[in-house]
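Undergrad: Structure file target_14.pdb, PDB, C-alpha atoms, is pasted below:
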```
ATOM      1  CA  MET A 707      28.672 125.114 -31.584
ATOM      2  CA  LYS A 708      28.674 126.028 -35.252
ATOM      3  CA  SER A 709      30.898 128.936 -36.289
ATOM      4  CA  ARG A 710      32.089 130.501 -39.521
ATOM      5  CA  VAL A 711      35.893 130.465 -39.488
ATOM      6  CA  TYR A 712      38.402 132.397 -41.569
ATOM      7  CA  THR A 713      40.961 129.713 -42.433
ATOM      8  CA  GLU A 714      43.295 131.401 -44.917
ATOM      9  CA  LYS A 715      43.325 134.156 -47.507
ATOM     10  CA  ASN A 716      39.923 134.334 -49.241
ATOM     11  CA  GLN A 717      38.890 131.049 -47.599
ATOM     12  CA  GLN A 718      36.123 130.560 -45.022
ATOM     13  CA  SER A 719      34.327 127.517 -43.714
ATOM     14  CA  VAL A 720      31.732 126.539 -41.111
ATOM     15  CA  LYS A 721      33.240 124.424 -38.333
ATOM     16  CA  CYS A 722      32.321 123.003 -34.947
ATOM     17  CA  GLN A 723      34.029 125.136 -32.312
ATOM     18  CA  PRO A 724      34.121 124.990 -28.496
ATOM     19  CA  MET A 725      31.430 126.973 -26.728
ATOM     20  CA  PRO A 726      32.729 130.358 -25.520
ATOM     21  CA  ILE A 727      33.161 130.868 -21.787
ATOM     22  CA  ILE A 728      33.401 133.933 -19.549
ATOM     23  CA  LEU A 729      37.075 134.887 -19.194
ATOM     24  CA  ASN A 730      36.658 138.223 -17.435
ATOM     25  CA  SER A 731      34.127 139.495 -14.910
ATOM     26  CA  ARG A 732      32.982 142.125 -17.451
ATOM     27  CA  ASP A 733      32.204 139.485 -20.142
ATOM     28  CA  ALA A 734      28.820 138.260 -21.327
ATOM     29  CA  ILE A 735      27.923 135.208 -23.410
ATOM     30  CA  VAL A 736      25.315 135.970 -26.085
ATOM     31  CA  ARG A 737      23.327 133.586 -28.283
ATOM     32  CA  ILE A 738      23.300 135.114 -31.759
ATOM     33  CA  ILE A 739      19.982 135.804 -33.479
ATOM     34  CA  LYS A 740      21.208 137.842 -36.432
ATOM     35  CA  THR A 741      24.567 139.111 -37.598
ATOM     36  CA  THR A 742      25.739 141.202 -40.501
ATOM     37  CA  ASN A 743      28.873 142.449 -42.227
ATOM     38  CA  CYS A 744      30.623 145.787 -42.507
ATOM     39  CA  ARG A 745      32.787 146.996 -45.386
ATOM     40  CA  THR A 746      35.870 146.292 -43.235
ATOM     41  CA  ASP A 747      34.950 142.606 -43.115
ATOM     42  CA  LEU A 748      36.223 142.382 -46.683
ATOM     43  CA  HIS A 749      39.639 143.101 -45.177
ATOM     44  CA  GLY A 750      39.407 141.067 -41.998
ATOM     45  CA  SER A 751      36.666 138.587 -42.937
ATOM     46  CA  LYS A 752      35.199 138.670 -39.415
ATOM     47  CA  GLY A 753      31.695 139.817 -38.596
ATOM     48  CA  ARG A 754      31.658 141.680 -35.281
ATOM     49  CA  GLU A 755      28.155 143.046 -35.128
ATOM     50  CA  GLY A 756      24.653 141.715 -34.672
ATOM     51  CA  LEU A 757      22.043 141.032 -32.053
ATOM     52  CA  GLY A 758      21.179 138.179 -29.726
ATOM     53  CA  ILE A 759      19.963 136.949 -26.342
ATOM     54  CA  VAL A 760      22.159 137.146 -23.233
ATOM     55  CA  GLU A 761      22.947 133.628 -21.974
ATOM     56  CA  SER A 762      25.155 134.512 -18.993
ATOM     57  CA  VAL A 763      27.075 137.462 -17.564
ATOM     58  CA  GLY A 764      30.216 138.005 -15.508
ATOM     59  CA  LYS A 765      30.158 139.110 -11.892
ATOM     60  CA  THR A 766      30.734 142.814 -12.669
ATOM     61  CA  VAL A 767      28.196 143.153 -15.500
ATOM     62  CA  PHE A 768      25.445 145.308 -13.994
ATOM     63  CA  THR A 769      23.341 146.517 -16.942
ATOM     64  CA  PHE A 770      22.246 143.214 -18.489
ATOM     65  CA  ASN A 771      20.792 139.940 -17.298
ATOM     66  CA  THR A 772      20.189 136.477 -18.715
ATOM     67  CA  GLY A 773      17.388 136.576 -21.285
ATOM     68  CA  ASP A 774      17.851 140.203 -22.346
ATOM     69  CA  LYS A 775      17.653 140.866 -26.077
ATOM     70  CA  VAL A 776      20.599 143.049 -27.033
ATOM     71  CA  LEU A 777      22.397 144.830 -29.843
ATOM     72  CA  ILE A 778      26.106 143.990 -30.109
ATOM     73  CA  SER A 779      28.172 147.022 -30.995
ATOM     74  CA  GLY A 780      30.968 146.607 -33.525
ATOM     75  CA  MET A 781      33.549 147.982 -31.050
ATOM     76  CA  SER A 782      34.932 146.237 -27.981
ATOM     77  CA  THR A 783      35.861 149.102 -25.656
ATOM     78  CA  CYS A 784      36.366 149.483 -21.928
ATOM     79  CA  GLY A 785      34.623 152.854 -21.527
ATOM     80  CA  LYS A 786      37.138 153.964 -18.865
ATOM     81  CA  CYS A 787      40.537 154.661 -20.461
ATOM     82  CA  LYS A 788      41.659 158.105 -21.653
ATOM     83  CA  CYS A 789      40.715 157.414 -25.273
ATOM     84  CA  CYS A 790      37.204 156.249 -24.347
ATOM     85  CA  GLN A 791      36.724 159.328 -22.150
ATOM     86  CA  LYS A 792      37.656 161.485 -25.163
ATOM     87  CA  ILE A 793      35.019 159.632 -27.252
ATOM     88  CA  LEU A 794      37.754 157.913 -29.251
ATOM     89  CA  GLN A 795      36.545 154.396 -28.631
ATOM     90  CA  CYS A 796      38.289 152.987 -31.703
ATOM     91  CA  SER A 797      41.599 153.787 -29.965
ATOM     92  CA  CYS A 798      40.658 152.178 -26.632
ATOM     93  CA  ASN A 799      43.773 151.055 -24.807
ATOM     94  CA  MET A 800      42.092 147.860 -23.583
ATOM     95  CA  GLN A 801      39.953 146.815 -26.545
ATOM     96  CA  GLU A 802      39.998 143.263 -27.820
ATOM     97  CA  GLN A 803      40.032 143.467 -31.588
ATOM     98  CA  GLY A 804      41.677 141.876 -34.599
ATOM     99  CA  ASP A 805      43.203 138.456 -34.002
ATOM    100  CA  THR A 806      42.608 138.639 -30.232
ATOM    101  CA  LEU A 807      38.808 138.413 -30.511
ATOM    102  CA  ASP A 808      36.656 135.985 -32.494
ATOM    103  CA  GLY A 809      33.988 137.298 -34.810
ATOM    104  CA  ILE A 810      30.316 136.756 -34.066
ATOM    105  CA  GLN A 811      29.225 134.732 -37.088
ATOM    106  CA  ALA A 812      28.593 131.862 -34.727
ATOM    107  CA  GLU A 813      25.807 130.429 -32.584
ATOM    108  CA  PHE A 814      27.281 131.859 -29.365
ATOM    109  CA  VAL A 815      29.885 134.543 -28.707
ATOM    110  CA  ARG A 816      31.823 136.033 -25.803
ATOM    111  CA  ILE A 817      31.341 139.800 -25.509
ATOM    112  CA  PRO A 818      34.061 141.672 -23.582
ATOM    113  CA  PHE A 819      33.056 144.841 -21.691
ATOM    114  CA  ALA A 820      29.387 143.907 -21.957
ATOM    115  CA  ASP A 821      28.092 147.004 -20.131
ATOM    116  CA  THR A 822      29.688 149.336 -22.681
ATOM    117  CA  ARG A 823      29.335 147.165 -25.795
ATOM    118  CA  LEU A 824      25.750 145.925 -25.551
ATOM    119  CA  TYR A 825      22.569 147.990 -25.988
ATOM    120  CA  PRO A 826      19.027 146.938 -25.002
ATOM    121  CA  ILE A 827      16.598 146.440 -27.894
ATOM    122  CA  PRO A 828      13.263 148.283 -27.428
ATOM    123  CA  HIS A 829      10.079 146.223 -27.634
ATOM    124  CA  GLY A 830       8.469 146.277 -31.058
ATOM    125  CA  MET A 831      11.621 147.353 -32.913
ATOM    126  CA  ASP A 832      12.294 145.583 -36.212
ATOM    127  CA  ASP A 833      15.375 143.366 -35.822
ATOM    128  CA  ASP A 834      16.505 144.111 -39.365
ATOM    129  CA  VAL A 835      16.554 147.828 -38.647
ATOM    130  CA  PHE A 836      18.280 147.434 -35.303
ATOM    131  CA  THR A 837      21.052 145.284 -36.769
ATOM    132  CA  LEU A 838      22.121 148.272 -38.867
ATOM    133  CA  LEU A 839      23.082 150.062 -35.647
ATOM    134  CA  SER A 840      25.754 147.519 -34.773
ATOM    135  CA  ASP A 841      28.332 149.145 -36.992
ATOM    136  CA  ILE A 842      27.082 150.476 -40.306
ATOM    137  CA  PHE A 843      25.138 153.523 -39.158
ATOM    138  CA  PRO A 844      27.579 154.654 -36.428
ATOM    139  CA  VAL A 845      30.396 154.539 -39.005
ATOM    140  CA  GLY A 846      28.310 156.451 -41.531
ATOM    141  CA  PHE A 847      27.341 159.119 -39.003
ATOM    142  CA  ASN A 848      30.474 159.514 -36.913
ATOM    143  CA  SER A 849      32.826 159.614 -39.880
ATOM    144  CA  THR A 850      30.841 162.193 -41.800
ATOM    145  CA  ALA A 851      28.105 164.235 -40.182
ATOM    146  CA  SER A 852      29.766 164.587 -36.782
ATOM    147  CA  ASN A 853      32.693 166.859 -35.903
ATOM    148  CA  GLU A 854      31.608 169.579 -38.342
ATOM    149  CA  LYS A 855      32.532 167.513 -41.392
ATOM    150  CA  VAL A 856      29.160 168.346 -42.927
ATOM    151  CA  THR A 857      27.726 171.846 -42.655
ATOM    152  CA  LEU A 858      24.132 172.973 -42.931
ATOM    153  CA  GLY A 859      23.049 173.536 -46.512
ATOM    154  CA  GLY A 860      26.270 172.280 -48.067
ATOM    155  CA  ARG A 861      26.948 170.299 -51.215
ATOM    156  CA  ILE A 862      27.888 166.684 -50.514
ATOM    157  CA  ALA A 863      29.400 163.929 -52.656
ATOM    158  CA  ILE A 864      29.470 160.325 -51.440
ATOM    159  CA  VAL A 865      31.882 158.049 -53.273
ATOM    160  CA  GLY A 866      30.581 154.503 -52.918
ATOM    161  CA  ALA A 867      26.954 153.382 -52.544
ATOM    162  CA  GLY A 868      27.442 150.238 -50.492
ATOM    163  CA  SER A 869      26.054 149.802 -46.983
ATOM    164  CA  ILE A 870      28.324 152.469 -45.445
ATOM    165  CA  GLY A 871      27.718 154.914 -48.283
ATOM    166  CA  LEU A 872      23.951 154.513 -47.944
ATOM    167  CA  ALA A 873      24.228 154.980 -44.171
ATOM    168  CA  ALA A 874      26.154 158.193 -44.762
ATOM    169  CA  LEU A 875      23.522 159.249 -47.296
ATOM    170  CA  LEU A 876      20.727 158.866 -44.750
ATOM    171  CA  THR A 877      22.530 160.505 -41.835
ATOM    172  CA  VAL A 878      23.872 163.557 -43.694
ATOM    173  CA  GLN A 879      20.285 164.494 -44.470
ATOM    174  CA  CYS A 880      20.011 165.579 -40.816
ATOM    175  CA  TYR A 881      22.087 168.595 -41.943
ATOM    176  CA  SER A 882      19.771 169.608 -44.826
ATOM    177  CA  PRO A 883      22.372 169.656 -47.632
ATOM    178  CA  THR A 884      21.329 171.444 -50.802
ATOM    179  CA  GLU A 885      22.711 168.615 -52.927
ATOM    180  CA  ILE A 886      23.842 165.016 -52.357
ATOM    181  CA  ILE A 887      25.726 163.420 -55.252
ATOM    182  CA  VAL A 888      26.355 159.667 -54.982
ATOM    183  CA  ILE A 889      28.993 157.977 -57.147
ATOM    184  CA  ASP A 890      29.352 154.231 -57.737
ATOM    185  CA  LEU A 891      29.963 151.645 -60.459
ATOM    186  CA  ASP A 892      26.699 149.739 -59.957
ATOM    187  CA  ASP A 893      23.373 150.993 -61.296
ATOM    188  CA  GLY A 894      21.419 148.928 -58.755
ATOM    189  CA  ARG A 895      23.170 150.609 -55.839
ATOM    190  CA  LEU A 896      22.689 154.006 -57.428
ATOM    191  CA  ALA A 897      18.969 153.326 -57.813
ATOM    192  CA  THR A 898      18.803 152.579 -54.081
ATOM    193  CA  ALA A 899      20.693 155.805 -53.383
ATOM    194  CA  GLU A 900      18.078 157.740 -55.338
ATOM    195  CA  LYS A 901      15.356 156.048 -53.311
ATOM    196  CA  PHE A 902      17.082 157.098 -50.088
ATOM    197  CA  GLY A 903      17.506 160.752 -50.973
ATOM    198  CA  ALA A 904      20.372 161.311 -53.421
ATOM    199  CA  THR A 905      19.698 164.341 -55.596
ATOM    200  CA  MET A 906      22.065 163.110 -58.310
ATOM    201  CA  THR A 907      23.764 159.785 -59.037
ATOM    202  CA  ILE A 908      26.757 159.116 -61.273
ATOM    203  CA  ASN A 909      27.987 155.791 -62.613
ATOM    204  CA  ASN A 910      31.771 156.163 -62.853
ATOM    205  CA  SER A 911      32.337 153.173 -65.126
ATOM    206  CA  ASP A 912      33.521 155.586 -67.814
ATOM    207  CA  GLY A 913      35.895 157.381 -65.430
ATOM    208  CA  GLN A 914      34.148 160.723 -65.997
ATOM    209  CA  ALA A 915      32.663 161.243 -62.529
ATOM    210  CA  ALA A 916      34.985 164.121 -61.587
ATOM    211  CA  LYS A 917      34.159 165.994 -64.779
ATOM    212  CA  LYS A 918      30.416 165.476 -64.215
ATOM    213  CA  VAL A 919      30.566 166.666 -60.601
ATOM    214  CA  LEU A 920      32.489 169.804 -61.560
ATOM    215  CA  LEU A 921      30.009 170.471 -64.360
ATOM    216  CA  GLN A 922      27.104 170.073 -61.938
ATOM    217  CA  THR A 923      28.734 172.454 -59.438
ATOM    218  CA  LEU A 924      29.834 175.034 -62.039
ATOM    219  CA  ASN A 925      33.465 174.019 -61.464
ATOM    220  CA  GLY A 926      33.196 174.882 -57.798
ATOM    221  CA  GLY A 927      33.235 171.329 -56.448
ATOM    222  CA  VAL A 928      31.451 170.016 -53.370
ATOM    223  CA  ASP A 929      31.858 171.296 -49.820
ATOM    224  CA  THR A 930      32.327 167.780 -48.435
ATOM    225  CA  SER A 931      33.316 164.564 -50.162
ATOM    226  CA  ILE A 932      32.834 161.296 -48.293
ATOM    227  CA  GLU A 933      35.101 158.405 -49.267
ATOM    228  CA  THR A 934      33.573 155.043 -48.282
ATOM    229  CA  ILE A 935      35.546 152.470 -50.286
ATOM    230  CA  GLY A 936      39.178 152.598 -49.177
ATOM    231  CA  VAL A 937      41.148 152.389 -52.424
ATOM    232  CA  PRO A 938      43.529 154.949 -53.966
ATOM    233  CA  ALA A 939      41.264 155.667 -56.952
ATOM    234  CA  THR A 940      38.295 156.749 -54.827
ATOM    235  CA  PHE A 941      40.470 158.941 -52.604
ATOM    236  CA  GLU A 942      41.927 160.583 -55.726
ATOM    237  CA  LEU A 943      38.390 161.210 -56.954
ATOM    238  CA  CYS A 944      37.505 162.950 -53.690
ATOM    239  CA  LYS A 945      40.517 165.244 -54.039
ATOM    240  CA  LYS A 946      39.423 166.224 -57.536
ATOM    241  CA  ILE A 947      35.805 167.048 -56.691
ATOM    242  CA  THR A 948      36.222 168.820 -53.336
ATOM    243  CA  ALA A 949      36.063 172.611 -53.422
ATOM    244  CA  SER A 950      38.841 174.809 -52.060
ATOM    245  CA  CYS A 951      38.526 175.112 -48.272
ATOM    246  CA  GLY A 952      36.392 171.958 -48.416
ATOM    247  CA  HIS A 953      36.486 168.736 -46.431
ATOM    248  CA  ILE A 954      37.359 165.150 -47.340
ATOM    249  CA  ALA A 955      35.840 162.749 -44.808
ATOM    250  CA  ASN A 956      37.541 159.383 -45.211
ATOM    251  CA  ILE A 957      35.588 156.348 -44.027
ATOM    252  CA  GLY A 958      37.049 153.636 -46.233
ATOM    253  CA  MET A 959      39.539 151.263 -44.634
ATOM    254  CA  HIS A 960      42.612 151.520 -46.857
ATOM    255  CA  GLY A 961      44.679 148.400 -47.429
ATOM    256  CA  ASN A 962      47.218 150.107 -49.686
ATOM    257  CA  LYS A 963      49.071 153.400 -49.464
ATOM    258  CA  VAL A 964      47.512 156.569 -50.860
ATOM    259  CA  ASN A 965      49.518 159.515 -52.185
ATOM    260  CA  LEU A 966      48.471 162.738 -50.470
ATOM    261  CA  TYR A 967      50.360 165.270 -52.653
ATOM    262  CA  LEU A 968      50.438 167.804 -49.832
ATOM    263  CA  GLU A 969      51.848 170.525 -52.094
ATOM    264  CA  TRP A 970      48.573 170.368 -54.032
ATOM    265  CA  LEU A 971      46.263 169.923 -51.049
ATOM    266  CA  TRP A 972      47.937 172.762 -49.140
ATOM    267  CA  LYS A 973      47.262 175.438 -51.739
ATOM    268  CA  ARG A 974      43.583 174.452 -51.842
ATOM    269  CA  ASN A 975      43.322 174.467 -48.046
ATOM    270  CA  LEU A 976      41.547 171.099 -47.945
ATOM    271  CA  LYS A 977      40.869 169.366 -44.645
ATOM    272  CA  ILE A 978      41.109 165.575 -44.436
ATOM    273  CA  THR A 979      39.722 163.679 -41.461
ATOM    274  CA  GLU A 980      39.376 160.055 -40.461
ATOM    275  CA  LYS A 981      37.443 158.534 -37.609
ATOM    276  CA  PHE A 982      36.624 154.865 -37.391
ATOM    277  CA  ILE A 983      33.682 154.437 -35.040
ATOM    278  CA  GLU A 984      32.234 155.343 -31.678
ATOM    279  CA  THR A 985      28.905 154.131 -30.423
ATOM    280  CA  LEU A 986      27.683 156.964 -28.201
ATOM    281  CA  SER A 987      25.473 158.064 -31.088
ATOM    282  CA  THR A 988      23.535 154.763 -31.020
ATOM    283  CA  PRO A 989      20.438 156.050 -29.116
ATOM    284  CA  MET A 990      20.114 159.043 -31.435
ATOM    285  CA  LEU A 991      20.591 156.912 -34.547
ATOM    286  CA  LEU A 992      17.914 154.540 -33.289
ATOM    287  CA  ASN A 993      15.415 157.396 -33.413
ATOM    288  CA  ILE A 994      16.543 158.249 -36.951
ATOM    289  CA  LEU A 995      16.016 154.657 -38.077
ATOM    290  CA  ARG A 996      12.578 154.594 -36.509
ATOM    291  CA  ALA A 997      11.674 157.431 -38.877
ATOM    292  CA  GLN A 998      13.272 155.617 -41.843
ATOM    293  CA  LYS A 999      11.466 152.271 -41.645
ATOM    294  CA  HIS A1000      12.021 151.480 -45.308
ATOM    295  CA  VAL A1001      15.746 151.058 -44.556
ATOM    296  CA  ALA A1002      14.958 147.568 -43.242
ATOM    297  CA  GLN A1003      14.351 146.432 -46.811
ATOM    298  CA  LEU A1004      18.124 146.383 -47.297
ATOM    299  CA  ARG A1005      18.430 143.531 -44.839
ATOM    300  CA  ARG A1006      15.342 141.608 -45.918
ATOM    301  CA  GLU A1007      16.648 141.276 -49.445
ATOM    302  CA  HIS A1008      19.836 139.488 -48.378
ATOM    303  CA  ARG A1009      19.539 136.789 -45.725
ATOM    304  CA  LEU A1010      21.399 133.564 -45.043
ATOM    305  CA  PRO A1011      19.779 131.555 -42.228
ATOM    306  CA  LEU A1012      22.283 129.611 -40.140
ATOM    307  CA  ASN A1013      19.908 126.636 -40.030
ATOM    308  CA  THR A1014      20.433 126.049 -43.738
ATOM    309  CA  LEU A1015      23.797 124.547 -42.727
ATOM    310  CA  ASN A1016      24.266 121.252 -40.906
ATOM    311  CA  LEU A1017      24.180 121.726 -37.148
ATOM    312  CA  CYS A1018      26.973 120.144 -35.169
ATOM    313  CA  GLN A1019      26.455 118.312 -31.890
ATOM    314  CA  TYR A1020      27.579 119.921 -28.653
TER     315      TYR A1020
END
```
I'd like the structure from this file rewritten - as structure tokens, please.
TA:
Amino acid sequence: MKSRVYTEKNQQSVKCQPMPIILNSRDAIVRIIKTTNCRTDLHGSKGREGLGIVESVGKTVFTFNTGDKVLISGMSTCGKCKCCQKILQCSCNMQEQGDTLDGIQAEFVRIPFADTRLYPIPHGMDDDVFTLLSDIFPVGFNSTASNEKVTLGGRIAIVGAGSIGLAALLTVQCYSPTEIIVIDLDDGRLATAEKFGATMTINNSDGQAAKKVLLQTLNGGVDTSIETIGVPATFELCKKITASCGHIANIGMHGNKVNLYLEWLWKRNLKITEKFIETLSTPMLLNILRAQKHVAQLRREHRLPLNTLNLCQY
């Protein structure tokens, strides 16, 4: 089969790879229809989310059958260990992640724990919309709006207007914030943020975003800042614009250390939380996306059909 392979730092190529096979009775083999990327793929360069058609299943897969059209969740979790029972799927003791599991930017893929990782796709649902539920929207929701990170009627700032930032923008609106400020360096992304409900956008190319947010909030700052990038500068910005007794919800996957300066955070009584992803919110988020049909335009504008590349023989 044809597969996109991460060969070395900043290098990828499309190669002919062996067809995946069932290794565990809870596995499924899925033929990929569409796949997408998450912000974390810039770190790991492996797509792990998408949708496809079930080709075969292991002996102890009971929810899905050959021919089913399914969503592939971005997390490979057993659903039975202590962490999964506490809805901390990203810390699953049995998950296959990182270098132990291939990505799904391929024609076929092995899916461990199929019963807990796959979701049936409703008839008539737009594939482009459903693909967003693989990873992007659960991250946006579970790292921000859940666990009391966002309160009803609060002031919100989202630092970063990429796919995760826009997902956070759409899901926090379930909590009726009085203001949603979105900060980025790209005017095109900020224009999309305005389209999707931002009440104010700031281009931080001049480095003045913190000053502008404090001016907008009469020096009070925002109740919740949502960091979606994962670099020291954006985390520092969140610290500057978050009000005393406020909340910094960190989504970005940090590749370098960040200075916390606890002596400064402590006196302002700021709360900092991180949570990677859990997929129990998928059915609820599906209903949200059904009401936000224009979100699919994000996917339609950026497509790369696999058949534009030379197919290998297998």
Undergrad: Show which residues sit within 8 Å of A:Leu876, as an NGL selection string. Count all atoms listed in the file, and ignore same-chain residues fewer than 4 positions away.
TA: :A and (872 or 880 or 902-903)
Undergrad: Out of A:Ile793, A:Ala873, A:Ile954, A:Ile759, which residue has the shortest atom-to-atom distance to A:Arg816 when counting all atoms listed in the file?
TA: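 Counting all atoms listed in the file, the residue closest to A:Arg816 is A:Ile759.
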Undergrad: If we count all atoms listed in the file and set the cut-off at 10 Å, which residues sit around A:Ser731, ignoring sequence neighbours fewer than 4 positions away in its own chain? Please answer as a PDB file with C-alpha atoms, in the coordinates of the input.
TA:
```pdb
ATOM      1  CA  VAL A 763      27.075 137.462 -17.564  1.00  0.00           C
ATOM      2  CA  GLY A 764      30.216 138.005 -15.508  1.00  0.00           C
ATOM      3  CA  LYS A 765      30.158 139.110 -11.892  1.00  0.00           C
ATOM      4  CA  THR A 766      30.734 142.814 -12.669  1.00  0.00           C
ATOM      5  CA  VAL A 767      28.196 143.153 -15.500  1.00  0.00           C
ATOM      6  CA  PRO A 818      34.061 141.672 -23.582  1.00  0.00           C
ATOM      7  CA  PHE A 819      33.056 144.841 -21.691  1.00  0.00           C
ATOM      8  CA  ALA A 820      29.387 143.907 -21.957  1.00  0.00           C
TER       9      ALA A 820
END
```
Undergrad: Once the PyMOL selection byres ((chain A and resi 882) around 10) is applied to the coordinates I shared, what remains selected? I want it as a list in words.
TA: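 Output from the PyMOL selection byres ((chain A and resi 882) around 10), applied to this file: Val856, Thr857, Leu858, Gly859, Gly860, Arg861, Thr877, Val878, Gln879, Cys880, Tyr881, Pro883, Thr884, Glu885 and Ile886 of chain A.
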Undergrad: State, in Å with one decimal place, the distance from atom CA of A:Asp841 to atom CA of A:Thr742.
TA: 9.1 Å
Undergrad: Just so the selection is clear, what residues does the PyMOL selection byres ((chain A and resi 988) around 12) cover here, as number ranges by chain?
TA: A: 777-780, 822-827, 836-848, 983-987, 989-995
Undergrad: May I have the selected residues written with C-alpha atoms, as a compact mmCIF listing (two decimals), keeping the file's coordinate frame?
TA:
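Output file result_16.txt follows:
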```
# COMPACT_ATOMS: atom_id res chain seq x y z
CA LEU A 777 22.40 144.83 -29.84
CA ILE A 778 26.11 143.99 -30.11
CA SER A 779 28.17 147.02 -31.00
CA GLY A 780 30.97 146.61 -33.52
CA THR A 822 29.69 149.34 -22.68
CA ARG A 823 29.34 147.16 -25.80
CA LEU A 824 25.75 145.93 -25.55
CA TYR A 825 22.57 147.99 -25.99
CA PRO A 826 19.03 146.94 -25.00
CA ILE A 827 16.60 146.44 -27.89
CA PHE A 836 18.28 147.43 -35.30
CA THR A 837 21.05 145.28 -36.77
CA LEU A 838 22.12 148.27 -38.87
CA LEU A 839 23.08 150.06 -35.65
CA SER A 840 25.75 147.52 -34.77
CA ASP A 841 28.33 149.15 -36.99
CA ILE A 842 27.08 150.48 -40.31
CA PHE A 843 25.14 153.52 -39.16
CA PRO A 844 27.58 154.65 -36.43
CA VAL A 845 30.40 154.54 -39.01
CA GLY A 846 28.31 156.45 -41.53
CA PHE A 847 27.34 159.12 -39.00
CA ASN A 848 30.47 159.51 -36.91
CA ILE A 983 33.68 154.44 -35.04
CA GLU A 984 32.23 155.34 -31.68
CA THR A 985 28.90 154.13 -30.42
CA LEU A 986 27.68 156.96 -28.20
CA SER A 987 25.47 158.06 -31.09
CA PRO A 989 20.44 156.05 -29.12
CA MET A 990 20.11 159.04 -31.44
CA LEU A 991 20.59 156.91 -34.55
CA LEU A 992 17.91 154.54 -33.29
CA ASN A 993 15.42 157.40 -33.41
CA ILE A 994 16.54 158.25 -36.95
CA LEU A 995 16.02 154.66 -38.08
```
Undergrad: List every protein, DNA or RNA residue that has at least one atom no more than 10 Å from (27.8, 157.3, -55.2) in the file's coordinates, counting all atoms listed in the file, and write the result as a tab-separated table (two decimals) with C-alpha atoms, in the frame of the given file.
TA:
```tsv
chain	number	residue	atom	x	y	z
A	863	ALA	CA	29.40	163.93	-52.66
A	864	ILE	CA	29.47	160.32	-51.44
A	865	VAL	CA	31.88	158.05	-53.27
A	866	GLY	CA	30.58	154.50	-52.92
A	867	ALA	CA	26.95	153.38	-52.54
A	868	GLY	CA	27.44	150.24	-50.49
A	871	GLY	CA	27.72	154.91	-48.28
A	872	LEU	CA	23.95	154.51	-47.94
A	875	LEU	CA	23.52	159.25	-47.30
A	886	ILE	CA	23.84	165.02	-52.36
A	887	ILE	CA	25.73	163.42	-55.25
A	888	VAL	CA	26.36	159.67	-54.98
A	889	ILE	CA	28.99	157.98	-57.15
A	890	ASP	CA	29.35	154.23	-57.74
A	891	LEU	CA	29.96	151.65	-60.46
A	892	ASP	CA	26.70	149.74	-59.96
A	893	ASP	CA	23.37	150.99	-61.30
A	895	ARG	CA	23.17	150.61	-55.84
A	896	LEU	CA	22.69	154.01	-57.43
A	899	ALA	CA	20.69	155.80	-53.38
A	900	GLU	CA	18.08	157.74	-55.34
A	904	ALA	CA	20.37	161.31	-53.42
A	906	MET	CA	22.06	163.11	-58.31
A	907	THR	CA	23.76	159.78	-59.04
A	908	ILE	CA	26.76	159.12	-61.27
A	909	ASN	CA	27.99	155.79	-62.61
A	910	ASN	CA	31.77	156.16	-62.85
A	915	ALA	CA	32.66	161.24	-62.53
A	932	ILE	CA	32.83	161.30	-48.29
A	933	GLU	CA	35.10	158.40	-49.27
A	934	THR	CA	33.57	155.04	-48.28
```
Undergrad: Output stretch 908-917 of chain A as a PDB file, in the frame of the given file, making sure N, CA and C atoms are there.
TA:
```pdb
ATOM      1  N   ILE A 908      25.828 159.203 -60.150  1.00  0.00           N
ATOM      2  CA  ILE A 908      26.757 159.116 -61.273  1.00  0.00           C
ATOM      3  C   ILE A 908      27.382 157.725 -61.287  1.00  0.00           C
ATOM      4  N   ASN A 909      27.285 157.045 -62.418  1.00  0.00           N
ATOM      5  CA  ASN A 909      27.987 155.791 -62.613  1.00  0.00           C
ATOM      6  C   ASN A 909      29.366 156.126 -63.193  1.00  0.00           C
ATOM      7  N   ASN A 910      30.412 155.780 -62.461  1.00  0.00           N
ATOM      8  CA  ASN A 910      31.771 156.163 -62.853  1.00  0.00           C
ATOM      9  C   ASN A 910      32.470 155.083 -63.669  1.00  0.00           C
ATOM     10  N   SER A 911      31.718 154.215 -64.306  1.00  0.00           N
ATOM     11  CA  SER A 911      32.337 153.173 -65.126  1.00  0.00           C
ATOM     12  C   SER A 911      33.156 153.754 -66.262  1.00  0.00           C
ATOM     13  N   ASP A 912      32.778 154.949 -66.722  1.00  0.00           N
ATOM     14  CA  ASP A 912      33.521 155.586 -67.814  1.00  0.00           C
ATOM     15  C   ASP A 912      34.645 156.483 -67.303  1.00  0.00           C
ATOM     16  N   GLY A 913      34.821 156.566 -65.988  1.00  0.00           N
ATOM     17  CA  GLY A 913      35.895 157.381 -65.430  1.00  0.00           C
ATOM     18  C   GLY A 913      35.673 158.879 -65.526  1.00  0.00           C
ATOM     19  N   GLN A 914      34.442 159.306 -65.785  1.00  0.00           N
ATOM     20  CA  GLN A 914      34.148 160.723 -65.997  1.00  0.00           C
ATOM     21  C   GLN A 914      33.433 161.373 -64.815  1.00  0.00           C
ATOM     22  N   ALA A 915      33.419 160.718 -63.665  1.00  0.00           N
ATOM     23  CA  ALA A 915      32.663 161.243 -62.529  1.00  0.00           C
ATOM     24  C   ALA A 915      33.145 162.617 -62.100  1.00  0.00           C
ATOM     25  N   ALA A 916      34.460 162.824 -62.031  1.00  0.00           N
ATOM     26  CA  ALA A 916      34.985 164.121 -61.587  1.00  0.00           C
ATOM     27  C   ALA A 916      34.519 165.231 -62.517  1.00  0.00           C
ATOM     28  N   LYS A 917      34.588 164.990 -63.807  1.00  0.00           N
ATOM     29  CA  LYS A 917      34.159 165.994 -64.779  1.00  0.00           C
ATOM     30  C   LYS A 917      32.670 166.308 -64.617  1.00  0.00           C
TER      31      LYS A 917
END
```
